[in-house]
file input36.cif (mmCIF, C-alpha atoms)
data_final
#
loop_
_atom_site.label_atom_id
_atom_site.label_comp_id
_atom_site.auth_asym_id
_atom_site.auth_seq_id
_atom_site.Cartn_x
_atom_site.Cartn_y
_atom_site.Cartn_z
CA MET F 10 44.27 77.80 -21.40
CA LYS F 11 45.53 81.31 -21.44
CA ASN F 12 44.53 81.69 -17.79
CA VAL F 13 46.62 78.67 -16.79
CA THR F 14 49.60 80.12 -18.59
CA ASP F 15 49.00 83.49 -16.99
CA SER F 16 48.98 81.94 -13.57
CA PHE F 17 52.35 80.34 -14.14
CA VAL F 18 53.65 83.58 -15.57
CA SER F 19 52.33 85.51 -12.62
CA LEU F 20 54.32 83.24 -10.34
CA GLY F 21 57.43 84.79 -11.73
CA HIS F 22 56.23 88.30 -10.81
CA TRP F 23 55.61 87.58 -7.18
CA PRO F 24 57.81 89.38 -4.88
CA SER F 25 60.42 87.17 -3.40
CA ALA F 26 60.73 89.31 -0.34
CA GLY F 27 59.74 86.53 1.94
CA SER F 28 56.14 87.11 2.25
CA PHE F 29 53.64 84.40 1.77
CA GLY F 30 50.35 85.17 0.19
CA VAL F 31 47.27 83.56 -1.10
CA ASN F 32 46.30 83.86 -4.68
CA THR F 33 42.60 84.55 -4.79
CA ASP F 34 42.25 84.11 -8.48
CA ILE F 35 40.13 80.93 -8.66
CA LEU F 36 40.60 80.32 -12.33
CA ALA F 37 44.33 80.51 -11.99
CA THR F 38 44.74 78.33 -8.89
CA ASN F 39 42.00 75.67 -9.42
CA PRO F 40 43.76 73.58 -12.10
CA ILE F 41 46.92 73.56 -10.03
CA ASN F 42 45.08 72.49 -6.91
CA LEU F 43 43.20 69.85 -8.85
CA SER F 44 46.38 68.52 -10.40
CA VAL F 45 48.05 68.37 -6.97
CA VAL F 46 45.04 66.62 -5.40
CA LEU F 47 44.80 64.20 -8.31
CA GLY F 48 48.52 63.52 -8.10
CA VAL F 49 48.33 62.84 -4.36
CA LEU F 50 45.24 60.65 -4.86
CA ILE F 51 46.89 58.72 -7.63
CA PHE F 52 50.14 58.33 -5.71
CA PHE F 53 48.61 57.28 -2.37
CA GLY F 54 45.28 55.89 -3.59
CA LYS F 55 46.86 53.72 -6.23
CA GLY F 56 48.03 51.17 -3.62
CA VAL F 57 44.74 51.22 -1.73
CA LEU F 58 42.72 50.98 -4.91
CA SER F 59 45.04 48.26 -6.21
CA ASP F 60 44.65 46.36 -2.91
CA LEU F 61 40.86 46.74 -3.04
CA LEU F 62 40.77 45.56 -6.63
CA ASP F 63 43.14 42.67 -5.88
CA ASN F 64 40.99 41.63 -2.88
CA ARG F 65 37.86 41.86 -5.00
CA LYS F 66 39.54 39.89 -7.79
CA GLU F 67 40.69 37.25 -5.28
CA ARG F 68 37.18 36.92 -3.81
CA ILE F 69 35.70 36.56 -7.27
CA LEU F 70 38.28 33.93 -8.18
CA ASN F 71 37.65 32.07 -4.90
CA THR F 72 33.92 32.21 -5.55
CA ILE F 73 34.47 30.84 -9.05
CA ARG F 74 36.76 28.09 -7.71
CA ASN F 75 34.23 27.19 -5.01
CA SER F 76 31.47 27.18 -7.59
CA GLU F 77 33.53 24.90 -9.84
CA GLU F 78 34.25 22.56 -6.92
CA LEU F 79 30.57 22.53 -5.96
CA ARG F 80 29.65 21.92 -9.60
CA GLU F 81 32.14 19.04 -9.86
CA GLY F 82 30.85 17.61 -6.57
CA ALA F 83 27.27 17.93 -7.81
CA ILE F 84 28.23 16.20 -11.06
CA GLU F 85 29.89 13.37 -9.11
CA ARG F 86 26.85 13.00 -6.87
CA LEU F 87 24.60 13.06 -9.94
CA GLU F 88 26.67 10.33 -11.61
CA LYS F 89 26.61 8.26 -8.41
CA ALA F 90 22.85 8.76 -8.14
CA ARG F 91 22.44 7.73 -11.79
CA ALA F 92 24.59 4.65 -11.19
CA ARG F 93 22.51 3.76 -8.10
CA LEU F 94 19.34 4.33 -10.13
CA ARG F 95 20.59 2.02 -12.87
CA LYS F 96 21.52 -0.58 -10.25
CA VAL F 97 18.12 -0.30 -8.55
CA GLU F 98 16.36 -0.51 -11.91
CA MET F 99 18.35 -3.65 -12.76
CA GLU F 100 17.51 -5.15 -9.36
CA ALA F 101 13.85 -4.23 -9.84
CA ASP F 102 13.87 -5.88 -13.28
CA GLN F 103 15.55 -8.93 -11.75
CA PHE F 104 12.96 -9.06 -8.96
CA ARG F 105 10.20 -8.67 -11.53
CA VAL F 106 11.62 -11.50 -13.68
CA ASN F 107 12.21 -13.66 -10.61
CA GLY F 108 8.73 -12.83 -9.36
CA TYR F 109 7.15 -13.85 -12.67
CA SER F 110 9.14 -17.07 -12.80
CA GLU F 111 8.32 -17.74 -9.13
CA ILE F 112 4.62 -17.16 -9.89
CA GLU F 113 4.80 -19.55 -12.85
CA ARG F 114 6.63 -22.13 -10.72
CA GLU F 115 4.04 -21.81 -7.94
CA LYS F 116 1.25 -22.03 -10.49
CA LEU F 117 2.70 -25.25 -11.91
CA ASN F 118 3.21 -26.64 -8.40
CA LEU F 119 -0.39 -25.80 -7.53
CA ILE F 120 -1.68 -27.43 -10.71
CA ASN F 121 0.44 -30.54 -10.09
CA SER F 122 -0.64 -30.81 -6.46
CA THR F 123 -4.28 -30.32 -7.51
CA TYR F 124 -3.95 -33.14 -10.04
CA LYS F 125 -2.39 -35.37 -7.38
CA ILE F 126 -5.19 -34.57 -4.94
CA LEU F 127 -7.80 -35.24 -7.63
CA GLU F 128 -6.07 -38.52 -8.47
CA GLN F 129 -6.08 -39.53 -4.80
CA LEU F 130 -9.74 -38.58 -4.49
CA GLU F 131 -10.51 -40.65 -7.61
CA ASN F 132 -8.66 -43.61 -6.06
CA TYR F 133 -10.55 -43.18 -2.75
CA LYS F 134 -13.81 -42.98 -4.68
CA ASN F 135 -13.01 -46.14 -6.64
CA GLU F 136 -11.96 -47.96 -3.45
CA THR F 137 -15.13 -46.83 -1.71
CA ILE F 138 -17.28 -47.93 -4.65
CA PHE F 139 -15.49 -51.31 -4.75
CA PHE F 140 -15.91 -51.73 -1.00
CA GLU F 141 -19.61 -50.83 -1.18
CA GLN F 142 -20.11 -53.20 -4.12
CA GLN F 143 -18.47 -56.01 -2.18
CA ARG F 144 -20.59 -55.25 0.86
CA ALA F 145 -23.78 -55.15 -1.25
CA ILE F 146 -22.82 -58.42 -2.95
CA ASN F 147 -22.18 -60.02 0.43
CA GLN F 148 -25.52 -58.75 1.76
CA VAL F 149 -27.33 -60.09 -1.33
CA ARG F 150 -25.54 -63.44 -0.95
CA GLN F 151 -26.50 -63.62 2.69
CA ARG F 152 -30.15 -62.86 1.92
CA VAL F 153 -30.26 -65.29 -0.99
CA LEU F 154 -28.63 -67.88 1.21
CA GLN F 155 -31.05 -67.16 4.05
CA GLN F 156 -34.03 -67.37 1.72
CA ALA F 157 -32.72 -70.56 0.11
CA LEU F 158 -32.12 -72.03 3.54
CA GLN F 159 -35.56 -70.99 4.72
CA GLY F 160 -37.09 -72.51 1.58
CA ALA F 161 -35.06 -75.66 1.99
CA LEU F 162 -35.96 -75.81 5.69
CA GLY F 163 -39.59 -75.37 4.86
CA THR F 164 -39.43 -78.14 2.28
CA LEU F 165 -37.47 -80.35 4.62
CA ASN F 166 -39.85 -79.73 7.53
CA SER F 167 -42.79 -80.71 5.49
CA SER F 168 -41.26 -83.82 3.95
CA LEU F 169 -38.78 -85.14 6.49
CA ASN F 170 -39.29 -87.16 9.58
CA ASN F 171 -37.74 -86.30 12.92
CA GLU F 172 -34.54 -88.28 12.55
CA LEU F 173 -33.76 -86.97 9.07
CA HIS F 174 -34.75 -83.54 10.25
CA LEU F 175 -32.21 -83.60 13.09
CA ARG F 176 -29.40 -84.72 10.76
CA THR F 177 -30.21 -81.95 8.28
CA ILE F 178 -30.20 -79.34 11.03
CA SER F 179 -26.83 -80.58 12.24
CA ALA F 180 -25.40 -80.42 8.70
CA ASN F 181 -26.77 -76.90 8.18
CA ILE F 182 -25.36 -75.70 11.49
CA GLY F 183 -21.94 -77.01 10.38
CA LEU F 184 -22.40 -75.28 7.03
CA PHE F 185 -23.25 -71.96 8.76
CA GLY F 186 -20.14 -72.23 10.88
CA VAL F 187 -17.97 -72.70 7.78
CA MET F 188 -19.66 -69.75 6.03
CA LYS F 189 -19.19 -67.55 9.05
CA GLU F 190 -15.47 -68.32 9.11
CA ILE F 191 -15.22 -67.45 5.39
CA THR F 192 -17.01 -64.09 5.73
CA ASP F 193 -15.04 -63.00 8.77
#
call {"tool": "encode", "arguments": {"input": "input36.cif", "output": "C-alpha cells"}}
result
Amino acid sequence: MKNVTDSFVSLGHWPSAGSFGVNTDILATNPINLSVVLGVLIFFGKGVLSDLLDNRKERILNTIRNSEELREGAIERLEKARARLRKVEMEADQFRVNGYSEIEREKLNLINSTYKILEQLENYKNETIFFEQQRAINQVRQRVLQQALQGALGTLNSSLNNELHLRTISANIGLFGVMKEITD
C-alpha cells in the first residue's frame, strides 16, 4: 500500500516543464493501469455484458415457456388419449356384452329350430309308418280276399253246375269291380 501512495506522491514531484515521460516503476503504475482498465471494462462492458445476460435470460425464459406449452399440449393429448381409451374400452365392453347376448340368442334360435326339425321328422316318421301300415293292411286284405275267393271258387267249381257257375262268376266279377273302385 505504501508503494501506491508513493506513486501518487511522486506524481506531484514530476517536472511540469512539458515533457512527457514513462514511469517504469511497475509496482507503482500497475494498480493504476489495472484500475483504469477495469473502469473502462466496467463502463463499456457493462452494457454488452448486460445485453448478453438479458439475451441469455430471454432464451432461457422462452425455452421454459416453450417447455410449459409443450407440457400442457402433451397433457391435453394424454387426456384426450385417455378419454379415447375409456370410450374404446366401453365400446369393447358393449361389443362383448352384445356378442354374448347375440351368441345366447343364436344358441336359443338353433335349439328351437332343431326342436322344430325334430318335430317335423317325427311327424314324417309317423305319417310314413301310418302309410306303410295302411299299405300292409291293404295288401293283407287283398291276399286274404284272393285266398278266400280262390277257396270259394274251388268249392264252387267242385259243387256247382255250369249254369250256377256262370252266375257266380258274374257276381264275383261285379264284386271285384266294386272293390277296385273302393281301393282306388
call {"tool": "atom_distance", "arguments": {"input": "input36.cif", "atom1": "atom CA of F:Leu158", "atom2": "atom CA of F:Leu175"}}
result
15.0 Å
call {"tool": "residues_around", "arguments": {"input": "input36.cif", "residues": "F:Leu154", "least_positions_apart": "6", "cutoff": "12 Å", "atoms": "all atoms listed in the file", "output": "list in words"}}
result
Ile146, Asn147, Gln148, Gly160, Ala161, Leu162, Asn181, Leu184, Phe185 and Met188 of chain F
call {"tool": "atom_distance", "arguments": {"input": "input36.cif", "atom1": "atom CA of F:Arg150", "atom2": "atom CA of F:Asn132"}}
result
26.5 Å
call {"tool": "atom_distance", "arguments": {"input": "input36.cif", "atom1": "atom CA of F:Asn135", "atom2": "atom CA of F:Lys189"}}
result
27.3 Å
call {"tool": "axis_aligned_box", "arguments": {"input": "input36.cif", "around": "stretch 119-129 of chain F", "padding_each_side": "8 Å", "output": "lines of an AutoDock Vina configuration file"}}
result
center_x = -3.7
center_y = -32.7
center_z = -7.8
size_x = 24.2
size_y = 29.7
size_z = 21.9
call {"tool": "build_atoms", "arguments": {"input": "input36.cif", "residues": "stretch 47-58 of chain F", "atoms": "all heavy atoms", "output": "PDB file, in the coordinates of the input"}}
result
ATOM      1  N   LEU F  47      44.842  65.414  -7.491  1.00  0.00           N
ATOM      2  CA  LEU F  47      44.800  64.200  -8.310  1.00  0.00           C
ATOM      3  C   LEU F  47      46.127  63.456  -8.218  1.00  0.00           C
ATOM      4  O   LEU F  47      46.152  62.209  -8.142  1.00  0.00           O
ATOM      5  CB  LEU F  47      44.488  64.537  -9.765  1.00  0.00           C
ATOM      6  CG  LEU F  47      43.024  64.842 -10.067  1.00  0.00           C
ATOM      7  CD1 LEU F  47      42.862  65.258 -11.523  1.00  0.00           C
ATOM      8  CD2 LEU F  47      42.142  63.655  -9.759  1.00  0.00           C
ATOM      9  N   GLY F  48      47.218  64.149  -8.229  1.00  0.00           N
ATOM     10  CA  GLY F  48      48.520  63.520  -8.100  1.00  0.00           C
ATOM     11  C   GLY F  48      48.664  62.795  -6.781  1.00  0.00           C
ATOM     12  O   GLY F  48      49.155  61.662  -6.717  1.00  0.00           O
ATOM     13  N   VAL F  49      48.253  63.462  -5.684  1.00  0.00           N
ATOM     14  CA  VAL F  49      48.330  62.840  -4.360  1.00  0.00           C
ATOM     15  C   VAL F  49      47.403  61.628  -4.305  1.00  0.00           C
ATOM     16  O   VAL F  49      47.771  60.559  -3.796  1.00  0.00           O
ATOM     17  CB  VAL F  49      47.982  63.877  -3.265  1.00  0.00           C
ATOM     18  CG1 VAL F  49      47.768  63.203  -1.924  1.00  0.00           C
ATOM     19  CG2 VAL F  49      49.060  64.922  -3.173  1.00  0.00           C
ATOM     20  N   LEU F  50      46.186  61.778  -4.845  1.00  0.00           N
ATOM     21  CA  LEU F  50      45.240  60.650  -4.860  1.00  0.00           C
ATOM     22  C   LEU F  50      45.791  59.483  -5.668  1.00  0.00           C
ATOM     23  O   LEU F  50      45.682  58.325  -5.250  1.00  0.00           O
ATOM     24  CB  LEU F  50      43.896  61.088  -5.425  1.00  0.00           C
ATOM     25  CG  LEU F  50      42.971  61.837  -4.477  1.00  0.00           C
ATOM     26  CD1 LEU F  50      41.718  62.278  -5.214  1.00  0.00           C
ATOM     27  CD2 LEU F  50      42.611  60.992  -3.282  1.00  0.00           C
ATOM     28  N   ILE F  51      46.360  59.789  -6.794  1.00  0.00           N
ATOM     29  CA  ILE F  51      46.890  58.720  -7.630  1.00  0.00           C
ATOM     30  C   ILE F  51      48.080  58.074  -6.937  1.00  0.00           C
ATOM     31  O   ILE F  51      48.207  56.850  -6.899  1.00  0.00           O
ATOM     32  CB  ILE F  51      47.261  59.246  -9.031  1.00  0.00           C
ATOM     33  CG1 ILE F  51      45.980  59.551  -9.809  1.00  0.00           C
ATOM     34  CG2 ILE F  51      48.086  58.223  -9.799  1.00  0.00           C
ATOM     35  CD1 ILE F  51      46.225  60.240 -11.134  1.00  0.00           C
ATOM     36  N   PHE F  52      48.943  58.867  -6.349  1.00  0.00           N
ATOM     37  CA  PHE F  52      50.140  58.330  -5.710  1.00  0.00           C
ATOM     38  C   PHE F  52      49.789  57.469  -4.490  1.00  0.00           C
ATOM     39  O   PHE F  52      50.249  56.354  -4.349  1.00  0.00           O
ATOM     40  CB  PHE F  52      51.093  59.471  -5.313  1.00  0.00           C
ATOM     41  CG  PHE F  52      52.349  58.986  -4.687  1.00  0.00           C
ATOM     42  CD1 PHE F  52      53.347  58.406  -5.456  1.00  0.00           C
ATOM     43  CD2 PHE F  52      52.546  59.083  -3.313  1.00  0.00           C
ATOM     44  CE1 PHE F  52      54.510  57.951  -4.875  1.00  0.00           C
ATOM     45  CE2 PHE F  52      53.710  58.625  -2.730  1.00  0.00           C
ATOM     46  CZ  PHE F  52      54.702  58.067  -3.516  1.00  0.00           C
ATOM     47  N   PHE F  53      48.955  58.023  -3.592  1.00  0.00           N
ATOM     48  CA  PHE F  53      48.610  57.280  -2.370  1.00  0.00           C
ATOM     49  C   PHE F  53      47.428  56.321  -2.572  1.00  0.00           C
ATOM     50  O   PHE F  53      47.373  55.264  -1.973  1.00  0.00           O
ATOM     51  CB  PHE F  53      48.289  58.253  -1.225  1.00  0.00           C
ATOM     52  CG  PHE F  53      49.494  58.989  -0.719  1.00  0.00           C
ATOM     53  CD1 PHE F  53      49.635  60.349  -0.947  1.00  0.00           C
ATOM     54  CD2 PHE F  53      50.491  58.318  -0.039  1.00  0.00           C
ATOM     55  CE1 PHE F  53      50.741  61.023  -0.484  1.00  0.00           C
ATOM     56  CE2 PHE F  53      51.603  58.998   0.423  1.00  0.00           C
ATOM     57  CZ  PHE F  53      51.738  60.355   0.198  1.00  0.00           C
ATOM     58  N   GLY F  54      46.490  56.714  -3.401  1.00  0.00           N
ATOM     59  CA  GLY F  54      45.280  55.890  -3.590  1.00  0.00           C
ATOM     60  C   GLY F  54      45.506  54.721  -4.512  1.00  0.00           C
ATOM     61  O   GLY F  54      44.718  53.777  -4.533  1.00  0.00           O
ATOM     62  N   LYS F  55      46.579  54.806  -5.293  1.00  0.00           N
ATOM     63  CA  LYS F  55      46.860  53.720  -6.230  1.00  0.00           C
ATOM     64  C   LYS F  55      47.070  52.412  -5.481  1.00  0.00           C
ATOM     65  O   LYS F  55      46.538  51.368  -5.864  1.00  0.00           O
ATOM     66  CB  LYS F  55      48.093  54.089  -7.040  1.00  0.00           C
ATOM     67  CG  LYS F  55      48.500  53.087  -8.051  1.00  0.00           C
ATOM     68  CD  LYS F  55      49.636  53.678  -8.875  1.00  0.00           C
ATOM     69  CE  LYS F  55      50.630  52.621  -9.245  1.00  0.00           C
ATOM     70  NZ  LYS F  55      51.757  53.128  -9.968  1.00  0.00           N
ATOM     71  N   GLY F  56      47.802  52.386  -4.402  1.00  0.00           N
ATOM     72  CA  GLY F  56      48.030  51.170  -3.620  1.00  0.00           C
ATOM     73  C   GLY F  56      46.758  50.672  -2.966  1.00  0.00           C
ATOM     74  O   GLY F  56      46.461  49.483  -2.980  1.00  0.00           O
ATOM     75  N   VAL F  57      45.994  51.612  -2.384  1.00  0.00           N
ATOM     76  CA  VAL F  57      44.740  51.220  -1.730  1.00  0.00           C
ATOM     77  C   VAL F  57      43.767  50.680  -2.755  1.00  0.00           C
ATOM     78  O   VAL F  57      43.145  49.629  -2.567  1.00  0.00           O
ATOM     79  CB  VAL F  57      44.138  52.421  -0.955  1.00  0.00           C
ATOM     80  CG1 VAL F  57      42.753  52.075  -0.424  1.00  0.00           C
ATOM     81  CG2 VAL F  57      45.049  52.853   0.161  1.00  0.00           C
ATOM     82  N   LEU F  58      43.636  51.423  -3.855  1.00  0.00           N
ATOM     83  CA  LEU F  58      42.720  50.980  -4.910  1.00  0.00           C
ATOM     84  C   LEU F  58      43.183  49.660  -5.501  1.00  0.00           C
ATOM     85  O   LEU F  58      42.375  48.767  -5.756  1.00  0.00           O
ATOM     86  CB  LEU F  58      42.627  52.064  -5.995  1.00  0.00           C
ATOM     87  CG  LEU F  58      41.630  51.799  -7.109  1.00  0.00           C
ATOM     88  CD1 LEU F  58      40.222  51.698  -6.533  1.00  0.00           C
ATOM     89  CD2 LEU F  58      41.695  52.912  -8.144  1.00  0.00           C
TER      90      LEU F  58
END
